$ cat my_file31.tsv   # TSV, C-alpha atoms
chain	number	residue	atom	x	y	z
A	1	MET	CA	-3.46	-9.60	-36.20
A	2	PRO	CA	-6.77	-10.05	-34.28
A	3	GLU	CA	-5.05	-12.52	-31.96
A	4	GLN	CA	-2.32	-9.98	-31.15
A	5	LEU	CA	-4.95	-7.28	-30.57
A	6	VAL	CA	-6.85	-9.49	-28.13
A	7	PHE	CA	-3.61	-10.34	-26.31
A	8	ALA	CA	-2.78	-6.62	-26.10
A	9	MET	CA	-6.22	-5.95	-24.60
A	10	GLU	CA	-5.64	-8.70	-22.06
A	11	VAL	CA	-2.28	-7.12	-21.16
A	12	PHE	CA	-3.97	-3.71	-20.91
A	13	LEU	CA	-6.66	-4.98	-18.52
A	14	ASN	CA	-4.10	-6.75	-16.34
A	15	GLY	CA	-2.10	-3.53	-16.29
A	16	LEU	CA	-5.12	-1.58	-15.11
A	17	MET	CA	-5.69	-4.04	-12.28
A	18	ALA	CA	-2.04	-3.92	-11.22
A	19	GLY	CA	-2.19	-0.13	-11.40
A	20	VAL	CA	-5.11	0.02	-8.97
A	21	LEU	CA	-3.08	-1.97	-6.43
A	22	TYR	CA	-0.06	0.30	-6.97
A	23	ALA	CA	-2.33	3.30	-6.39
A	24	LEU	CA	-3.60	1.70	-3.18
A	25	VAL	CA	-0.07	1.47	-1.78
A	26	ALA	CA	0.75	5.00	-2.96
A	27	LEU	CA	-2.31	6.37	-1.16
A	28	GLY	CA	-0.78	5.45	2.20
A	29	PHE	CA	2.18	7.68	1.38
A	30	VAL	CA	-0.01	10.54	0.14
A	31	LEU	CA	-2.30	10.59	3.18
A	32	ILE	CA	0.56	10.90	5.67
A	33	PHE	CA	2.53	13.35	3.53
A	34	LYS	CA	-0.50	15.61	3.05
A	35	ALA	CA	-1.31	15.79	6.75
A	36	SER	CA	2.15	16.00	8.29
A	37	GLY	CA	4.74	16.56	5.55
A	38	ILE	CA	6.35	13.22	6.45
A	39	PHE	CA	7.43	10.84	3.70
A	40	ASN	CA	6.65	7.52	5.35
A	41	TYR	CA	9.33	5.05	4.29
A	42	ALA	CA	7.68	2.50	6.59
A	43	GLN	CA	4.47	2.20	4.53
A	44	GLY	CA	5.60	-1.02	2.84
A	45	VAL	CA	6.64	-2.57	6.15
A	46	MET	CA	3.25	-1.58	7.59
A	47	ALA	CA	1.65	-3.69	4.85
A	48	LEU	CA	3.93	-6.60	5.77
A	49	PHE	CA	3.37	-6.23	9.52
A	50	SER	CA	-0.42	-6.00	9.19
A	51	ALA	CA	-0.53	-9.07	6.94
A	52	MET	CA	1.67	-11.03	9.36
A	53	THR	CA	-0.53	-9.98	12.27
A	54	LEU	CA	-3.67	-11.02	10.39
A	55	VAL	CA	-2.25	-14.47	9.63
A	56	GLY	CA	-1.10	-14.90	13.23
A	57	ILE	CA	-4.49	-13.95	14.67
A	58	MET	CA	-6.39	-16.16	12.23
A	59	LYS	CA	-4.26	-19.17	13.16
A	60	GLY	CA	-4.51	-18.45	16.90
A	61	GLN	CA	-0.73	-18.16	17.06
A	62	VAL	CA	0.88	-17.05	20.32
A	63	PRO	CA	2.78	-13.76	19.75
A	64	PHE	CA	6.54	-14.05	20.38
A	65	ALA	CA	6.05	-17.84	20.73
A	66	HIS	CA	9.46	-18.83	19.31
A	67	VAL	CA	11.21	-16.25	21.52
A	68	ILE	CA	9.35	-17.46	24.63
A	69	ASN	CA	10.13	-21.09	23.76
A	70	ALA	CA	13.81	-20.30	23.25
A	71	ILE	CA	14.08	-18.54	26.61
A	72	PHE	CA	12.00	-20.88	28.78
A	73	GLY	CA	12.44	-24.14	26.90
A	74	THR	CA	8.71	-24.53	26.29
A	75	ASP	CA	6.96	-25.73	23.13
A	76	VAL	CA	3.86	-23.56	22.94
A	77	HIS	CA	2.89	-22.11	19.55
A	78	TYR	CA	-0.92	-21.84	19.41
A	79	PHE	CA	-3.77	-21.00	21.77
A	80	GLY	CA	-5.76	-23.97	20.52
A	81	TRP	CA	-8.38	-22.14	18.48
A	82	THR	CA	-8.64	-20.27	15.20
A	83	VAL	CA	-10.28	-16.91	14.55
A	84	PRO	CA	-12.74	-16.24	11.68
A	85	ALA	CA	-11.32	-14.05	8.92
A	86	LEU	CA	-13.68	-11.09	9.49
A	87	LEU	CA	-13.02	-10.96	13.24
A	88	ALA	CA	-9.30	-11.33	12.61
A	89	ILE	CA	-9.39	-8.37	10.19
A	90	ILE	CA	-11.22	-6.25	12.79
A	91	LEU	CA	-8.65	-7.16	15.44
A	92	THR	CA	-5.81	-6.38	13.04
A	93	VAL	CA	-7.34	-2.97	12.32
A	94	ALA	CA	-7.39	-2.38	16.10
A	95	VAL	CA	-3.69	-3.30	16.24
A	96	MET	CA	-2.90	-0.81	13.46
A	97	VAL	CA	-4.86	1.95	15.25
A	98	LEU	CA	-2.87	1.21	18.41
A	99	PHE	CA	0.29	1.37	16.31
A	100	ALA	CA	-0.77	4.78	14.94
A	101	TRP	CA	-1.36	6.09	18.46
A	102	ALA	CA	2.04	4.82	19.65
A	103	VAL	CA	3.86	6.30	16.63
A	104	GLN	CA	2.32	9.72	17.25
A	105	LYS	CA	2.76	9.68	21.02
A	106	TYR	CA	6.27	8.29	21.32
A	107	ILE	CA	7.95	9.36	18.07
A	108	PHE	CA	6.57	12.18	15.95
A	109	ARG	CA	5.11	14.18	18.83
A	110	HIS	CA	8.70	14.82	19.91
A	111	LEU	CA	9.87	15.69	16.39
A	112	VAL	CA	7.44	18.52	15.63
A	113	GLY	CA	9.26	21.34	13.87
A	114	GLN	CA	12.27	19.25	12.87
A	115	GLU	CA	13.74	19.25	9.37
A	116	PRO	CA	12.03	16.96	6.81
A	117	ILE	CA	15.18	14.84	6.49
A	118	ILE	CA	15.05	14.06	10.23
A	119	LEU	CA	11.41	12.99	9.96
A	120	PHE	CA	12.26	10.85	6.94
A	121	MET	CA	15.13	9.18	8.83
A	122	ALA	CA	12.72	8.51	11.71
A	123	THR	CA	10.43	6.59	9.35
A	124	ILE	CA	13.40	4.53	8.14
A	125	GLY	CA	14.15	3.61	11.75
A	126	LEU	CA	10.46	2.88	12.29
A	127	ALA	CA	10.43	0.58	9.24
A	128	TYR	CA	13.31	-1.57	10.47
A	129	PHE	CA	11.95	-1.58	14.03
A	130	LEU	CA	8.52	-2.72	12.81
A	131	GLU	CA	10.09	-5.37	10.59
A	132	GLY	CA	12.09	-6.69	13.54
A	133	VAL	CA	9.07	-6.71	15.85
A	134	GLY	CA	7.05	-8.55	13.20
A	135	ASP	CA	9.81	-11.16	12.93
A	136	LEU	CA	9.94	-11.58	16.71
A	137	MET	CA	6.15	-11.80	17.04
A	138	TRP	CA	5.26	-14.11	14.19
A	139	ASN	CA	8.65	-15.48	12.93
A	140	SER	CA	10.01	-15.00	9.42
A	141	GLU	CA	8.55	-18.07	7.68
A	142	ILE	CA	6.52	-17.59	4.50
A	143	LYS	CA	2.86	-17.67	5.49
A	144	LYS	CA	-0.20	-18.53	3.43
A	145	LEU	CA	-2.98	-15.96	3.73
A	146	ASP	CA	-6.55	-16.99	2.92
A	147	VAL	CA	-9.42	-14.72	3.92
A	148	GLY	CA	-11.91	-16.32	1.54
A	149	LEU	CA	-11.11	-14.38	-1.63
A	150	PRO	CA	-11.45	-16.39	-4.86
A	151	GLN	CA	-8.06	-17.37	-6.23
A	152	GLY	CA	-6.68	-18.69	-9.49
A	153	ILE	CA	-8.51	-20.20	-12.43
A	154	ASN	CA	-11.24	-22.51	-11.19
A	155	GLU	CA	-14.41	-24.22	-12.44
A	156	ALA	CA	-16.21	-20.87	-12.59
A	157	ILE	CA	-13.63	-19.43	-14.99
A	158	ASP	CA	-16.28	-19.23	-17.74
A	159	ASN	CA	-17.67	-16.23	-15.88
A	160	TYR	CA	-14.38	-14.44	-16.46
A	161	THR	CA	-13.75	-15.49	-20.07
A	162	PHE	CA	-14.07	-12.84	-22.74
A	163	ASN	CA	-14.35	-13.62	-26.43
A	164	ILE	CA	-13.27	-11.05	-29.00
A	165	PHE	CA	-12.75	-11.94	-32.68
A	166	ASP	CA	-13.35	-15.58	-31.63
A	167	TYR	CA	-10.31	-15.42	-29.34
A	168	GLY	CA	-10.71	-15.84	-25.59
A	169	PHE	CA	-8.59	-14.56	-22.76
A	170	PHE	CA	-8.73	-15.03	-19.02
A	171	ILE	CA	-8.46	-12.70	-16.05
A	172	ASP	CA	-7.57	-14.19	-12.69
A	173	ASN	CA	-10.40	-14.24	-10.13
A	174	LEU	CA	-8.23	-12.73	-7.40
A	175	ASP	CA	-7.14	-9.88	-9.67
A	176	ILE	CA	-10.76	-8.97	-10.39
A	177	VAL	CA	-11.80	-9.03	-6.71
A	178	ALA	CA	-8.67	-7.18	-5.61
A	179	THR	CA	-9.27	-4.49	-8.22
A	180	LEU	CA	-12.89	-4.01	-7.15
A	181	ILE	CA	-11.97	-3.80	-3.45
A	182	ALA	CA	-9.07	-1.43	-4.13
A	183	ALA	CA	-11.25	0.76	-6.38
A	184	LEU	CA	-13.97	0.98	-3.69
A	185	LEU	CA	-11.39	1.86	-1.05
A	186	VAL	CA	-9.76	4.48	-3.27
A	187	GLY	CA	-13.16	6.00	-4.05
A	188	GLY	CA	-14.07	5.98	-0.36
A	189	LEU	CA	-10.85	7.76	0.56
A	190	VAL	CA	-11.44	10.42	-2.09
A	191	ILE	CA	-14.98	11.04	-0.77
A	192	PHE	CA	-13.70	11.05	2.83
A	193	SER	CA	-10.95	13.58	2.13
A	194	GLN	CA	-13.18	15.90	0.09
A	195	TYR	CA	-16.53	15.86	1.89
A	196	SER	CA	-16.17	14.70	5.51
A	197	LYS	CA	-15.43	17.03	8.42
A	198	GLU	CA	-12.30	15.06	9.30
A	199	GLY	CA	-11.18	15.08	5.67
A	200	ARG	CA	-11.50	18.87	5.50
A	201	ALA	CA	-9.58	19.14	8.77
A	202	MET	CA	-6.87	16.93	7.29
A	203	ARG	CA	-6.58	19.20	4.25
A	204	ALA	CA	-6.49	22.24	6.53
A	205	VAL	CA	-3.60	20.74	8.49
A	206	ALA	CA	-1.82	19.97	5.22
A	207	ASP	CA	-2.16	23.59	4.07
A	208	ASP	CA	-1.10	25.32	7.30
A	209	HIS	CA	-0.54	23.77	10.74
A	210	GLN	CA	-0.77	27.06	12.61
A	211	ALA	CA	-3.95	28.17	10.83
A	212	ALA	CA	-5.55	24.79	11.53
A	213	LEU	CA	-4.66	25.11	15.22
A	214	SER	CA	-6.14	28.60	15.35
A	215	VAL	CA	-9.59	27.32	14.30
A	216	GLY	CA	-9.59	24.48	16.82
A	217	VAL	CA	-8.27	21.55	14.77
A	218	SER	CA	-6.37	19.04	16.92
A	219	LEU	CA	-3.11	18.13	15.23
A	220	ASN	CA	-2.65	15.07	17.44
A	221	PHE	CA	-6.09	13.73	16.52
A	222	ILE	CA	-5.57	14.37	12.80
A	223	TRP	CA	-2.15	12.72	12.75
A	224	ILE	CA	-3.37	9.66	14.68
A	225	MET	CA	-6.36	9.44	12.34
A	226	VAL	CA	-4.16	9.71	9.25
A	227	TRP	CA	-1.69	7.08	10.47
A	228	SER	CA	-4.66	4.83	11.34
A	229	VAL	CA	-6.14	5.23	7.86
A	230	ALA	CA	-2.70	4.62	6.33
A	231	GLY	CA	-2.46	1.49	8.49
A	232	PHE	CA	-5.84	0.29	7.22
A	233	VAL	CA	-4.75	0.95	3.62
A	234	ALA	CA	-1.55	-0.99	4.34
A	235	LEU	CA	-3.65	-3.88	5.71
A	236	VAL	CA	-5.80	-4.03	2.56
A	237	ALA	CA	-2.69	-3.91	0.38
A	238	GLY	CA	-1.07	-6.61	2.53
A	239	ILE	CA	-4.16	-8.84	2.18
A	240	MET	CA	-4.22	-8.48	-1.60
A	241	TRP	CA	-0.53	-9.01	-2.21
A	242	GLY	CA	-0.21	-11.58	0.60
A	243	THR	CA	-3.07	-13.66	-0.81
A	244	LYS	CA	-1.46	-13.50	-4.24
A	245	SER	CA	2.15	-14.37	-3.35
A	246	GLY	CA	2.20	-15.33	0.32
A	247	VAL	CA	3.13	-13.23	3.34
A	248	GLN	CA	6.91	-12.92	3.25
A	249	PHE	CA	9.43	-10.19	3.91
A	250	SER	CA	9.68	-9.29	0.22
A	251	LEU	CA	6.11	-7.97	0.65
A	252	SER	CA	7.56	-4.79	2.16
A	253	LEU	CA	9.23	-4.05	-1.20
A	254	ILE	CA	5.86	-3.19	-2.79
A	255	ALA	CA	6.46	0.29	-1.41
A	256	LEU	CA	9.33	0.71	-3.86
A	257	LYS	CA	6.91	0.37	-6.79
A	258	ALA	CA	4.75	3.08	-5.23
A	259	LEU	CA	7.60	5.62	-5.49
A	260	PRO	CA	7.34	6.07	-9.29
A	261	VAL	CA	3.57	6.34	-8.85
A	262	LEU	CA	4.08	9.23	-6.43
A	263	MET	CA	6.58	10.92	-8.74
A	264	LEU	CA	4.10	10.79	-11.60
A	265	GLY	CA	0.99	11.79	-9.68
A	266	GLY	CA	2.46	14.15	-7.09
A	267	PHE	CA	3.16	13.55	-3.42
A	268	THR	CA	0.17	15.60	-2.21
A	269	SER	CA	-2.58	14.47	-4.59
A	270	ILE	CA	-4.98	11.58	-4.00
A	271	PRO	CA	-6.27	11.71	-7.61
A	272	GLY	CA	-2.61	11.86	-8.67
A	273	ALA	CA	-1.88	8.60	-6.84
A	274	ILE	CA	-4.76	6.95	-8.70
A	275	VAL	CA	-3.81	8.24	-12.14
A	276	GLY	CA	-0.11	7.58	-11.52
A	277	GLY	CA	-0.83	4.01	-10.46
A	278	LEU	CA	-2.88	3.35	-13.59
A	279	ILE	CA	-0.21	4.86	-15.83
A	280	ILE	CA	2.54	2.76	-14.23
A	281	GLY	CA	0.46	-0.43	-14.23
A	282	VAL	CA	-0.66	-0.17	-17.85
A	283	GLY	CA	2.62	1.29	-19.08
A	284	GLU	CA	4.87	-1.42	-17.69
A	285	LYS	CA	2.63	-4.22	-18.99
A	286	LEU	CA	2.28	-2.78	-22.50
A	287	PHE	CA	5.98	-1.88	-22.66
A	288	GLU	CA	6.91	-5.44	-21.72
A	289	PHE	CA	4.45	-6.75	-24.32
A	290	ALA	CA	5.63	-4.50	-27.17
A	291	ILE	CA	9.29	-3.74	-26.44
A	292	GLY	CA	10.33	-6.45	-23.98
A	293	PRO	CA	11.02	-9.18	-26.58
A	294	MET	CA	13.32	-6.80	-28.49
A	295	VAL	CA	15.54	-6.03	-25.48
A	296	GLY	CA	15.57	-9.39	-23.74
A	297	GLY	CA	12.54	-8.90	-21.47
A	298	ALA	CA	12.39	-8.04	-17.74
A	299	THR	CA	11.48	-4.43	-18.56
A	300	GLU	CA	8.87	-4.38	-15.76
A	301	ASN	CA	11.73	-4.16	-13.27
A	302	TRP	CA	12.91	-0.77	-14.50
A	303	PHE	CA	10.26	0.79	-16.76
A	304	ALA	CA	8.44	2.59	-13.92
A	305	TYR	CA	11.65	4.14	-12.57
A	306	VAL	CA	12.82	5.36	-15.98
A	307	LEU	CA	9.41	6.93	-16.59
A	308	ALA	CA	9.53	8.57	-13.16
A	309	LEU	CA	13.04	9.89	-13.91
A	310	ILE	CA	11.76	11.52	-17.10
A	311	PHE	CA	8.96	13.17	-15.12
A	312	LEU	CA	11.43	14.44	-12.52
A	313	VAL	CA	13.42	16.15	-15.26
A	314	PHE	CA	10.50	17.85	-17.03
A	315	ARG	CA	7.82	18.10	-14.32
A	316	PRO	CA	9.27	17.54	-10.83
A	317	GLN	CA	5.98	18.19	-9.03
A	318	GLY	CA	4.19	15.43	-10.96
A	319	LEU	CA	0.94	15.60	-12.90
A	320	PHE	CA	-1.24	16.84	-10.02
A	321	GLY	CA	1.34	18.04	-7.51
A	322	GLU	CA	1.65	21.66	-6.46
A	323	LYS	CA	4.58	23.66	-7.72
A	324	ILE	CA	6.38	25.00	-4.64
A	325	ILE	CA	7.92	28.44	-4.95
A	326	GLU	CA	10.18	29.58	-2.11
A	327	ARG	CA	11.27	33.18	-1.64
A	328	VAL	CA	14.91	33.70	-0.74
$ encode --input "my_file31.tsv" --output "structure tokens"
Amino acid sequence: MPEQLVFAMEVFLNGLMAGVLYALVALGFVLIFKASGIFNYAQGVMALFSAMTLVGIMKGQVPFAHVINAIFGTDVHYFGWTVPALLAIILTVAVMVLFAWAVQKYIFRHLVGQEPIILFMATIGLAYFLEGVGDLMWNSEIKKLDVGLPQGINEAIDNYTFNIFDYGFFIDNLDIVATLIAALLVGGLVIFSQYSKEGRAMRAVADDHQAALSVGVSLNFIWIMVWSVAGFVALVAGIMWGTKSGVQFSLSLIALKALPVLMLGGFTSIPGAIVGGLIIGVGEKLFEFAIGPMVGGATENWFAYVLALIFLVFRPQGLFGEKIIERV
């Protein structure tokens, strides 16, 4: 019995850490939806693209090298130097800010006032466009990402060994670091949205575009800022997941796990994204631990979506979402 209890606690802690990463991905959706009413289907691809760009910059890889070589018959792939991880991250952030500016200027600026379904379809097109550009720039090979984060179980594992009832269990170094970074970022975003001037302007835009304009808030600036922050969040998520499993095109699918998180927490709530992520992370791990062996396992693939479906039936707005009442 004590051994099972310790194992359950280990599963619980791993679920919490996974939940923080789910919440991090969900935050990208919430930020854009709050400020512009756009459900950004491309958030997962943004994580993939930013991670691919980071790897390419760190390795000193020539963008579009394989396309250039195919057209001109050359064999040039690298500039001949590598870039330190910190500088590469800064340059990647600059790329994501440029991406945010381009998205606002050339896409959504021309779709102001359109139906939500049109805006949603635009993000689907943006997702496939960004995925294609990433493939052309950096090729589609699986890439190893190493920015200096501790990984795996190493000689220092004793620092991460916990003994309860004379039973020990381990927590992966990368999971601990990723959880701490994600928690700091989530906390920073909450403080930014609640107490900074730009955060208040973002919430004003979310409440009423026309009212925000009337008091001098620039919609263009707010939307570029929000897409930039969402791009930075996508970069952090891409680093964490890319370091864990490699940078590959399946990385874009992490956005699918964020959908149940949003349904639980609410599409307009930053605290909801956090709580929803923790519920999904812990719930799927404990459900797999307790019920999985009885039903053949693999419950983590569908538990989150079934839980989200139940919430949609009984509380469509989520735990922290606003109930929308329309007069007809």
$ closest_residue --input "my_file31.tsv" --among "A:Leu145, A:Leu119, A:Val186, A:Leu91" --to "A:Ile270" --atoms "all atoms listed in the file"
A:Val186
$ closest_atom_pairs --input "my_file31.tsv" --of "stretch 198-248 of chain A" --to "stretch 94-110 of chain A" --cutoff "9 Å" --atoms "all atoms listed in the file" --output "CSV"
residue,atom,partner,partner_atom,distance
A:Asn220,CA,A:Gln104,CA,7.3
A:Trp223,CA,A:Gln104,CA,7.0
A:Ile224,CA,A:Ala100,CA,5.5
A:Met225,CA,A:Ala100,CA,7.7
A:Val226,CA,A:Ala100,CA,8.3
A:Trp227,CA,A:Ala100,CA,5.1
A:Ser228,CA,A:Val97,CA,4.9
A:Val229,CA,A:Val97,CA,8.2
A:Ala230,CA,A:Ala100,CA,8.8
A:Gly231,CA,A:Met96,CA,5.5
A:Phe232,CA,A:Met96,CA,7.0
A:Leu235,CA,A:Met96,CA,8.4
$ atom_distance --input "my_file31.tsv" --atom1 "atom CA of A:Trp81" --atom2 "atom CA of A:Ile142"
20.9 Å
$ atom_distance --input "my_file31.tsv" --atom1 "atom CA of A:Ile89" --atom2 "atom CA of A:Asp146"
11.6 Å
$ residues_around --input "my_file31.tsv" --residues "A:Met202" --least-positions-apart "6" --cutoff "9 Å" --atoms "only C-alpha atoms" --output "PyMOL selection string"
chain A and resi 31+34-35+193+217+219+222-223+226
